[in-house]
Structures are given as C-alpha cells and as structure tokens.
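run-v6.txt follows (compact mmCIF, N, CA, C and O atoms):
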```txt
# COMPACT_ATOMS: atom_id res chain seq x y z
N LEU A 162 -6.09 0.06 -15.62
CA LEU A 162 -5.15 0.46 -14.59
C LEU A 162 -5.29 -0.37 -13.32
O LEU A 162 -4.80 0.01 -12.28
N GLY A 163 -5.94 -1.51 -13.34
CA GLY A 163 -6.16 -2.31 -12.16
C GLY A 163 -4.91 -2.87 -11.52
O GLY A 163 -4.93 -3.33 -10.40
N HIS A 164 -3.77 -2.79 -12.25
CA HIS A 164 -2.51 -3.30 -11.73
C HIS A 164 -1.57 -2.16 -11.32
O HIS A 164 -0.43 -2.40 -10.97
N VAL A 165 -2.04 -0.93 -11.40
CA VAL A 165 -1.20 0.25 -11.18
C VAL A 165 -1.83 1.12 -10.09
O VAL A 165 -3.04 1.35 -10.10
N VAL A 166 -1.02 1.62 -9.17
CA VAL A 166 -1.48 2.59 -8.18
C VAL A 166 -1.35 3.97 -8.81
O VAL A 166 -0.28 4.34 -9.30
N VAL A 167 -2.44 4.73 -8.81
CA VAL A 167 -2.43 6.08 -9.36
C VAL A 167 -2.38 7.08 -8.21
O VAL A 167 -3.25 7.06 -7.33
N VAL A 168 -1.36 7.92 -8.17
CA VAL A 168 -1.20 8.95 -7.13
C VAL A 168 -1.63 10.28 -7.74
O VAL A 168 -1.05 10.74 -8.72
N TRP A 169 -2.66 10.88 -7.15
CA TRP A 169 -3.21 12.15 -7.62
C TRP A 169 -2.74 13.28 -6.72
O TRP A 169 -2.60 13.11 -5.52
N SER A 170 -2.55 14.46 -7.29
CA SER A 170 -2.26 15.65 -6.50
C SER A 170 -3.56 16.21 -5.95
O SER A 170 -4.50 16.48 -6.71
N ALA A 171 -3.62 16.38 -4.63
CA ALA A 171 -4.82 16.96 -4.02
C ALA A 171 -4.96 18.44 -4.40
O ALA A 171 -6.07 18.97 -4.42
N GLU A 172 -3.86 19.09 -4.71
CA GLU A 172 -3.89 20.51 -5.05
C GLU A 172 -4.37 20.76 -6.47
O GLU A 172 -5.18 21.65 -6.72
N THR A 173 -3.87 19.96 -7.43
CA THR A 173 -4.18 20.22 -8.84
C THR A 173 -5.22 19.27 -9.42
O THR A 173 -5.79 19.54 -10.46
N GLY A 174 -5.42 18.12 -8.77
CA GLY A 174 -6.32 17.12 -9.31
C GLY A 174 -5.72 16.33 -10.46
O GLY A 174 -6.40 15.53 -11.10
N GLN A 175 -4.45 16.52 -10.72
CA GLN A 175 -3.76 15.85 -11.80
C GLN A 175 -3.04 14.60 -11.29
O GLN A 175 -2.66 14.52 -10.13
N VAL A 176 -2.82 13.66 -12.20
CA VAL A 176 -2.05 12.47 -11.86
C VAL A 176 -0.60 12.89 -11.60
O VAL A 176 0.01 13.56 -12.43
N GLU A 177 -0.10 12.53 -10.43
CA GLU A 177 1.28 12.87 -10.06
C GLU A 177 2.25 11.76 -10.41
O GLU A 177 3.38 12.00 -10.82
N ARG A 178 1.81 10.51 -10.23
CA ARG A 178 2.72 9.38 -10.45
C ARG A 178 1.89 8.11 -10.64
O ARG A 178 0.85 7.96 -10.04
N LEU A 179 2.41 7.22 -11.48
CA LEU A 179 1.86 5.88 -11.63
C LEU A 179 2.86 4.91 -11.02
O LEU A 179 4.03 4.93 -11.39
N LEU A 180 2.41 4.08 -10.08
CA LEU A 180 3.29 3.14 -9.39
C LEU A 180 3.04 1.74 -9.93
O LEU A 180 1.97 1.16 -9.73
N HIS A 181 4.02 1.22 -10.66
CA HIS A 181 3.94 -0.10 -11.27
C HIS A 181 4.66 -1.11 -10.40
O HIS A 181 5.68 -0.80 -9.80
N GLY A 182 4.17 -2.32 -10.35
CA GLY A 182 4.83 -3.37 -9.59
C GLY A 182 3.94 -4.58 -9.39
O GLY A 182 4.42 -5.65 -9.04
N HIS A 183 2.65 -4.42 -9.62
CA HIS A 183 1.71 -5.52 -9.45
C HIS A 183 1.43 -6.19 -10.79
O HIS A 183 1.30 -5.52 -11.81
N GLN A 184 1.31 -7.50 -10.76
CA GLN A 184 0.95 -8.26 -11.94
C GLN A 184 -0.51 -8.70 -11.90
O GLN A 184 -1.04 -9.21 -12.88
N THR A 185 -1.15 -8.54 -10.74
CA THR A 185 -2.55 -8.90 -10.56
C THR A 185 -3.29 -7.66 -10.06
O THR A 185 -2.66 -6.69 -9.62
N PRO A 186 -4.63 -7.68 -10.11
CA PRO A 186 -5.38 -6.50 -9.66
C PRO A 186 -5.07 -6.12 -8.21
O PRO A 186 -4.84 -6.97 -7.36
N ILE A 187 -5.09 -4.82 -7.95
CA ILE A 187 -4.86 -4.29 -6.61
C ILE A 187 -6.17 -4.33 -5.84
O ILE A 187 -7.20 -3.86 -6.33
N ARG A 188 -6.13 -4.90 -4.64
CA ARG A 188 -7.33 -5.06 -3.82
C ARG A 188 -7.54 -3.89 -2.87
O ARG A 188 -8.66 -3.47 -2.63
N ASN A 189 -6.47 -3.38 -2.28
CA ASN A 189 -6.56 -2.32 -1.27
C ASN A 189 -5.30 -1.47 -1.30
O ASN A 189 -4.24 -1.94 -1.70
N VAL A 190 -5.43 -0.25 -0.83
CA VAL A 190 -4.27 0.62 -0.60
C VAL A 190 -4.47 1.32 0.73
O VAL A 190 -5.59 1.47 1.21
N GLY A 191 -3.37 1.75 1.33
CA GLY A 191 -3.43 2.50 2.57
C GLY A 191 -2.28 3.49 2.63
O GLY A 191 -1.25 3.29 2.01
N LEU A 192 -2.49 4.56 3.36
CA LEU A 192 -1.53 5.65 3.45
C LEU A 192 -1.19 5.90 4.91
O LEU A 192 -2.06 5.82 5.78
N SER A 193 0.08 6.22 5.18
CA SER A 193 0.48 6.55 6.54
C SER A 193 -0.08 7.93 6.90
O SER A 193 -0.32 8.76 6.03
N PRO A 194 -0.29 8.19 8.20
CA PRO A 194 -0.82 9.49 8.62
C PRO A 194 0.02 10.67 8.16
O PRO A 194 -0.51 11.75 7.91
N ASP A 195 1.34 10.48 8.03
CA ASP A 195 2.21 11.58 7.61
C ASP A 195 2.32 11.69 6.09
O ASP A 195 2.99 12.57 5.57
N GLY A 196 1.66 10.80 5.34
CA GLY A 196 1.67 10.86 3.88
C GLY A 196 2.94 10.36 3.23
O GLY A 196 3.11 10.50 2.02
N ARG A 197 3.83 9.76 3.98
CA ARG A 197 5.11 9.33 3.41
C ARG A 197 5.06 7.91 2.86
O ARG A 197 5.74 7.57 1.91
N TRP A 198 4.29 7.02 3.48
CA TRP A 198 4.28 5.60 3.14
C TRP A 198 2.92 5.18 2.61
O TRP A 198 1.88 5.62 3.10
N LEU A 199 2.95 4.31 1.61
CA LEU A 199 1.74 3.75 1.04
C LEU A 199 1.93 2.26 0.90
O LEU A 199 3.02 1.80 0.54
N VAL A 200 0.90 1.50 1.20
CA VAL A 200 0.96 0.06 0.97
C VAL A 200 -0.13 -0.28 -0.04
O VAL A 200 -1.23 0.27 0.00
N SER A 201 0.23 -1.12 -1.01
CA SER A 201 -0.73 -1.60 -1.99
C SER A 201 -0.79 -3.11 -1.89
O SER A 201 0.23 -3.78 -1.86
N GLN A 202 -2.01 -3.63 -1.83
CA GLN A 202 -2.21 -5.07 -1.67
C GLN A 202 -2.81 -5.63 -2.95
O GLN A 202 -3.94 -5.31 -3.31
N GLY A 203 -2.02 -6.45 -3.64
CA GLY A 203 -2.52 -7.15 -4.80
C GLY A 203 -2.98 -8.53 -4.42
O GLY A 203 -2.92 -8.92 -3.25
N GLU A 204 -3.44 -9.29 -5.39
CA GLU A 204 -3.91 -10.65 -5.10
C GLU A 204 -2.77 -11.58 -4.72
O GLU A 204 -2.98 -12.55 -4.01
N GLN A 205 -1.56 -11.31 -5.21
CA GLN A 205 -0.42 -12.19 -4.93
C GLN A 205 0.77 -11.49 -4.30
O GLN A 205 1.69 -12.15 -3.86
N LEU A 206 0.77 -10.17 -4.30
CA LEU A 206 1.92 -9.42 -3.81
C LEU A 206 1.43 -8.14 -3.15
O LEU A 206 0.51 -7.50 -3.64
N SER A 207 2.07 -7.78 -2.06
CA SER A 207 1.81 -6.49 -1.42
C SER A 207 3.11 -5.72 -1.38
O SER A 207 4.18 -6.28 -1.16
N LEU A 208 3.01 -4.41 -1.64
CA LEU A 208 4.20 -3.56 -1.71
C LEU A 208 4.07 -2.39 -0.75
O LEU A 208 2.99 -1.81 -0.61
N LEU A 209 5.18 -2.05 -0.09
CA LEU A 209 5.27 -0.86 0.74
C LEU A 209 6.07 0.17 -0.05
O LEU A 209 7.20 -0.09 -0.45
N TRP A 210 5.46 1.33 -0.31
CA TRP A 210 6.06 2.38 -1.14
C TRP A 210 6.53 3.54 -0.28
O TRP A 210 5.80 3.99 0.60
N ASP A 211 7.74 4.05 -0.56
CA ASP A 211 8.25 5.27 0.04
C ASP A 211 7.88 6.40 -0.92
O ASP A 211 8.40 6.46 -2.03
N LEU A 212 6.97 7.27 -0.53
CA LEU A 212 6.47 8.30 -1.43
C LEU A 212 7.41 9.50 -1.57
O LEU A 212 7.12 10.41 -2.34
N GLN A 213 8.55 9.46 -0.88
CA GLN A 213 9.58 10.49 -1.12
C GLN A 213 10.55 10.05 -2.21
O GLN A 213 11.01 10.86 -3.00
N THR A 214 10.84 8.75 -2.26
CA THR A 214 11.79 8.24 -3.26
C THR A 214 11.08 7.47 -4.37
O THR A 214 11.70 7.17 -5.38
N TRP A 215 9.83 7.09 -4.15
CA TRP A 215 9.02 6.27 -5.07
C TRP A 215 9.54 4.84 -5.17
O TRP A 215 9.17 4.10 -6.07
N ASP A 216 10.39 4.43 -4.25
CA ASP A 216 10.87 3.04 -4.21
C ASP A 216 9.83 2.18 -3.48
O ASP A 216 9.07 2.66 -2.64
N SER A 217 9.84 0.89 -3.81
CA SER A 217 8.95 -0.04 -3.13
C SER A 217 9.72 -1.27 -2.69
O SER A 217 10.80 -1.55 -3.19
N ARG A 218 9.12 -1.96 -1.72
CA ARG A 218 9.67 -3.25 -1.30
C ARG A 218 8.50 -4.17 -0.99
O ARG A 218 7.43 -3.70 -0.57
N PRO A 219 8.67 -5.46 -1.18
CA PRO A 219 7.58 -6.39 -0.88
C PRO A 219 7.24 -6.36 0.59
O PRO A 219 8.10 -6.16 1.45
N PHE A 220 5.97 -6.55 0.88
CA PHE A 220 5.51 -6.62 2.26
C PHE A 220 4.87 -7.99 2.45
O PHE A 220 3.95 -8.35 1.72
N PRO A 221 5.35 -8.78 3.43
CA PRO A 221 4.87 -10.16 3.60
C PRO A 221 3.55 -10.24 4.37
O PRO A 221 3.52 -10.06 5.57
N PHE A 222 2.47 -10.49 3.66
CA PHE A 222 1.19 -10.77 4.29
C PHE A 222 1.05 -12.28 4.47
O PHE A 222 1.63 -13.05 3.72
N PRO A 223 0.25 -12.71 5.42
CA PRO A 223 0.01 -14.15 5.57
C PRO A 223 -0.78 -14.69 4.38
O PRO A 223 -1.44 -13.93 3.67
N ARG A 224 -0.69 -15.98 4.16
CA ARG A 224 -1.47 -16.64 3.09
C ARG A 224 -2.52 -17.52 3.70
O ARG A 224 -2.23 -18.20 4.68
N PRO A 225 -3.73 -17.52 3.19
CA PRO A 225 -4.21 -16.65 2.13
C PRO A 225 -4.34 -15.21 2.63
O PRO A 225 -4.43 -14.98 3.84
N LEU A 226 -4.36 -14.26 1.72
CA LEU A 226 -4.47 -12.86 2.11
C LEU A 226 -5.77 -12.61 2.86
O LEU A 226 -6.82 -13.14 2.49
N PRO A 227 -5.70 -11.84 3.93
CA PRO A 227 -6.94 -11.52 4.65
C PRO A 227 -7.86 -10.67 3.79
O PRO A 227 -7.40 -9.89 2.96
N ASP A 228 -9.15 -10.80 3.97
CA ASP A 228 -10.12 -9.99 3.25
C ASP A 228 -10.31 -8.70 4.05
O ASP A 228 -11.13 -8.63 4.96
N ILE A 229 -9.53 -7.69 3.73
CA ILE A 229 -9.55 -6.46 4.52
C ILE A 229 -10.24 -5.35 3.75
O ILE A 229 -10.35 -5.38 2.54
N ARG A 230 -10.69 -4.38 4.48
CA ARG A 230 -11.37 -3.24 3.88
C ARG A 230 -10.60 -1.94 4.05
O ARG A 230 -10.90 -0.95 3.41
N ARG A 231 -9.62 -1.95 4.93
CA ARG A 231 -8.84 -0.74 5.17
C ARG A 231 -7.44 -1.13 5.60
O ARG A 231 -7.27 -2.04 6.40
N ILE A 232 -6.45 -0.44 5.07
CA ILE A 232 -5.06 -0.65 5.46
C ILE A 232 -4.54 0.70 5.95
O ILE A 232 -4.78 1.72 5.33
N GLU A 233 -3.80 0.68 7.04
CA GLU A 233 -3.17 1.91 7.52
C GLU A 233 -1.73 1.61 7.86
O GLU A 233 -1.43 0.68 8.58
N VAL A 234 -0.81 2.40 7.31
CA VAL A 234 0.61 2.25 7.60
C VAL A 234 0.90 3.08 8.84
O VAL A 234 0.68 4.29 8.86
N LEU A 235 1.42 2.43 9.88
CA LEU A 235 1.65 3.14 11.13
C LEU A 235 3.03 3.76 11.21
O LEU A 235 3.21 4.81 11.79
N ARG A 236 4.03 3.09 10.64
CA ARG A 236 5.38 3.67 10.66
C ARG A 236 6.21 3.02 9.56
O ARG A 236 5.83 2.01 8.98
N ALA A 237 7.35 3.59 9.32
CA ALA A 237 8.18 3.19 8.19
C ALA A 237 8.65 1.75 8.26
O ALA A 237 8.93 1.14 7.24
N GLU A 238 8.71 1.18 9.44
CA GLU A 238 9.19 -0.20 9.56
C GLU A 238 8.21 -1.19 8.95
O GLU A 238 8.50 -2.36 8.84
N GLY A 239 7.05 -0.72 8.55
CA GLY A 239 6.12 -1.58 7.86
C GLY A 239 5.07 -2.22 8.72
O GLY A 239 4.48 -3.22 8.34
N VAL A 240 4.80 -1.66 9.88
CA VAL A 240 3.73 -2.20 10.71
C VAL A 240 2.40 -1.72 10.12
O VAL A 240 2.20 -0.54 9.89
N ILE A 241 1.51 -2.66 9.87
CA ILE A 241 0.24 -2.37 9.23
C ILE A 241 -0.89 -2.78 10.17
O ILE A 241 -0.82 -3.82 10.81
N VAL A 242 -1.93 -1.99 10.24
CA VAL A 242 -3.09 -2.36 11.06
C VAL A 242 -4.29 -2.56 10.13
O VAL A 242 -4.52 -1.78 9.22
N PHE A 243 -5.02 -3.64 10.33
CA PHE A 243 -6.21 -3.94 9.54
C PHE A 243 -7.45 -3.65 10.37
O PHE A 243 -7.61 -4.20 11.44
N GLU A 244 -8.32 -2.80 9.87
CA GLU A 244 -9.59 -2.49 10.50
C GLU A 244 -9.44 -2.12 11.98
O GLU A 244 -10.31 -2.39 12.79
N GLY A 245 -8.29 -1.54 12.32
CA GLY A 245 -8.08 -1.05 13.67
C GLY A 245 -7.88 -2.12 14.74
O GLY A 245 -7.81 -1.81 15.91
N ARG A 246 -7.80 -3.40 14.35
CA ARG A 246 -7.72 -4.45 15.36
C ARG A 246 -6.50 -5.36 15.22
O ARG A 246 -5.99 -5.85 16.20
N ARG A 247 -6.05 -5.61 14.01
CA ARG A 247 -5.05 -6.65 13.81
C ARG A 247 -3.78 -6.07 13.19
O ARG A 247 -3.84 -5.35 12.21
N LEU A 248 -2.64 -6.40 13.78
CA LEU A 248 -1.36 -5.89 13.30
C LEU A 248 -0.59 -6.97 12.57
O LEU A 248 -0.55 -8.11 12.99
N TYR A 249 0.07 -6.56 11.50
CA TYR A 249 1.01 -7.42 10.78
C TYR A 249 2.31 -6.66 10.64
O TYR A 249 2.32 -5.46 10.46
N GLN A 250 3.41 -7.38 10.71
CA GLN A 250 4.72 -6.73 10.65
C GLN A 250 5.65 -7.54 9.81
O GLN A 250 5.61 -8.73 9.80
```
So that I can check it, write out the structure of this file as structure tokens.
Amino acid sequence: LGHVVVVWSAETGQVERLLHGHQTPIRNVGLSPDGRWLVSQGEQLSLLWDLQTWDSRPFPFPRPLPDIRRIEVLRAEGVIVFEGRRLYQ
C-alpha cells in the first residue's frame, strides 16, 4: 500500500477510504486542522485531497522535493507549511 493513502475511521478503527493517485511511494501526509483537506507527498507527485468529495488535484512542490517531516494544510487554497517555518503555495 505504499502508493495509496489509507483513511481510517477514528470511531470504528476501520478503513474508511483508499485514496489512489500516486505511482511512487508516499513520503508524507498532512491534514488540515478542520479535517477537510489532506495533502499527500509522493516522490514525483503531491496531491491535495478534498475529504468531503474525495477529489484530488496536483499540488506543485519545488524540485527537488524538500526533505520534510511534517506537512500541515492551512486552508483550502492549498497553502502548506513545512515544519512550522516555510510556506509553499
């Protein structure tokens, strides 16, 4: 499942949804504070997911991809903060 984001239900502990879209292993994921948006960072592609519709769109990271340890989605427009210091939009 290294190419798939697995969304689990916190209430039941069951898999709620499998998010397909990556062709390479996923390096990081991040969730917005309101739980609506998720970003998944693969080795070659990053996707911003709307967790209400389950739709995704590519998110443009700089090349080469930064070696990050945490991703946080700040708002729906796709502003992302890395390790609390650096913003990408």
Could you check how far atom CA of A:Glu172 sits from atom CA of A:Ser217, in Å to one decimal?
24.3 Å
From A:His183, A:Arg218, A:Arg178, A:Arg188, residue lying nearest A:Val166 [only N, CA, C and O atoms]:
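Once distances to A:Val166 are computed over only N, CA, C and O atoms, the minimum belongs to A:Arg178.
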Two-atom distance - atom C of A:Gln184, atom CA of A:His164 (Å)
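These atoms are spaced 5.8 Å apart.
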Atom-to-atom span, atom O of A:Thr185 and atom O of A:Ser207, Å
10.9 Å
Which of these, A:Val190, A:Ala171, A:Arg197, A:Gln202, has the shortest distance to A:Thr214 once you count all atoms listed in the file?
A:Arg197
DSSP on the backbone: which residues in stretch 180-228 of chain A end up as strand (DSSP E or B)? Give the answer as a compact mmCIF listing (two decimals) with N, CA, C and O atoms, in the frame of the given file.
```
# COMPACT_ATOMS: atom_id res chain seq x y z
N LEU A 180 2.41 4.08 -10.08
CA LEU A 180 3.29 3.14 -9.39
C LEU A 180 3.04 1.74 -9.93
O LEU A 180 1.97 1.16 -9.73
N HIS A 181 4.02 1.22 -10.66
CA HIS A 181 3.94 -0.10 -11.27
C HIS A 181 4.66 -1.11 -10.40
O HIS A 181 5.68 -0.80 -9.80
N ILE A 187 -5.09 -4.82 -7.95
CA ILE A 187 -4.86 -4.29 -6.61
C ILE A 187 -6.17 -4.33 -5.84
O ILE A 187 -7.20 -3.86 -6.33
N ARG A 188 -6.13 -4.90 -4.64
CA ARG A 188 -7.33 -5.06 -3.82
C ARG A 188 -7.54 -3.89 -2.87
O ARG A 188 -8.66 -3.47 -2.63
N ASN A 189 -6.47 -3.38 -2.28
CA ASN A 189 -6.56 -2.32 -1.27
C ASN A 189 -5.30 -1.47 -1.30
O ASN A 189 -4.24 -1.94 -1.70
N VAL A 190 -5.43 -0.25 -0.83
CA VAL A 190 -4.27 0.62 -0.60
C VAL A 190 -4.47 1.32 0.73
O VAL A 190 -5.59 1.47 1.21
N GLY A 191 -3.37 1.75 1.33
CA GLY A 191 -3.43 2.50 2.57
C GLY A 191 -2.28 3.49 2.63
O GLY A 191 -1.25 3.29 2.01
N LEU A 192 -2.49 4.56 3.36
CA LEU A 192 -1.53 5.65 3.45
C LEU A 192 -1.19 5.90 4.91
O LEU A 192 -2.06 5.82 5.78
N TRP A 198 4.29 7.02 3.48
CA TRP A 198 4.28 5.60 3.14
C TRP A 198 2.92 5.18 2.61
O TRP A 198 1.88 5.62 3.10
N LEU A 199 2.95 4.31 1.61
CA LEU A 199 1.74 3.75 1.04
C LEU A 199 1.93 2.26 0.90
O LEU A 199 3.02 1.80 0.54
N VAL A 200 0.90 1.50 1.20
CA VAL A 200 0.96 0.06 0.97
C VAL A 200 -0.13 -0.28 -0.04
O VAL A 200 -1.23 0.27 0.00
N SER A 201 0.23 -1.12 -1.01
CA SER A 201 -0.73 -1.60 -1.99
C SER A 201 -0.79 -3.11 -1.89
O SER A 201 0.23 -3.78 -1.86
N GLN A 202 -2.01 -3.63 -1.83
CA GLN A 202 -2.21 -5.07 -1.67
C GLN A 202 -2.81 -5.63 -2.95
O GLN A 202 -3.94 -5.31 -3.31
N GLY A 203 -2.02 -6.45 -3.64
CA GLY A 203 -2.52 -7.15 -4.80
C GLY A 203 -2.98 -8.53 -4.42
O GLY A 203 -2.92 -8.92 -3.25
N SER A 207 2.07 -7.78 -2.06
CA SER A 207 1.81 -6.49 -1.42
C SER A 207 3.11 -5.72 -1.38
O SER A 207 4.18 -6.28 -1.16
N LEU A 208 3.01 -4.41 -1.64
CA LEU A 208 4.20 -3.56 -1.71
C LEU A 208 4.07 -2.39 -0.75
O LEU A 208 2.99 -1.81 -0.61
N LEU A 209 5.18 -2.05 -0.09
CA LEU A 209 5.27 -0.86 0.74
C LEU A 209 6.07 0.17 -0.05
O LEU A 209 7.20 -0.09 -0.45
N TRP A 210 5.46 1.33 -0.31
CA TRP A 210 6.06 2.38 -1.14
C TRP A 210 6.53 3.54 -0.28
O TRP A 210 5.80 3.99 0.60
N ASP A 211 7.74 4.05 -0.56
CA ASP A 211 8.25 5.27 0.04
C ASP A 211 7.88 6.40 -0.92
O ASP A 211 8.40 6.46 -2.03
N ASP A 216 10.39 4.43 -4.25
CA ASP A 216 10.87 3.04 -4.21
C ASP A 216 9.83 2.18 -3.48
O ASP A 216 9.07 2.66 -2.64
N SER A 217 9.84 0.89 -3.81
CA SER A 217 8.95 -0.04 -3.13
C SER A 217 9.72 -1.27 -2.69
O SER A 217 10.80 -1.55 -3.19
N ARG A 218 9.12 -1.96 -1.72
CA ARG A 218 9.67 -3.25 -1.30
C ARG A 218 8.50 -4.17 -0.99
O ARG A 218 7.43 -3.70 -0.57
N PRO A 219 8.67 -5.46 -1.18
CA PRO A 219 7.58 -6.39 -0.88
C PRO A 219 7.24 -6.36 0.59
O PRO A 219 8.10 -6.16 1.45
```
Closest to A:Leu179 among A:Val165, A:Trp210, A:Ser193, A:Pro219, using only N, CA, C and O atoms?
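For A:Leu179, the nearest of the given residues is A:Val165.
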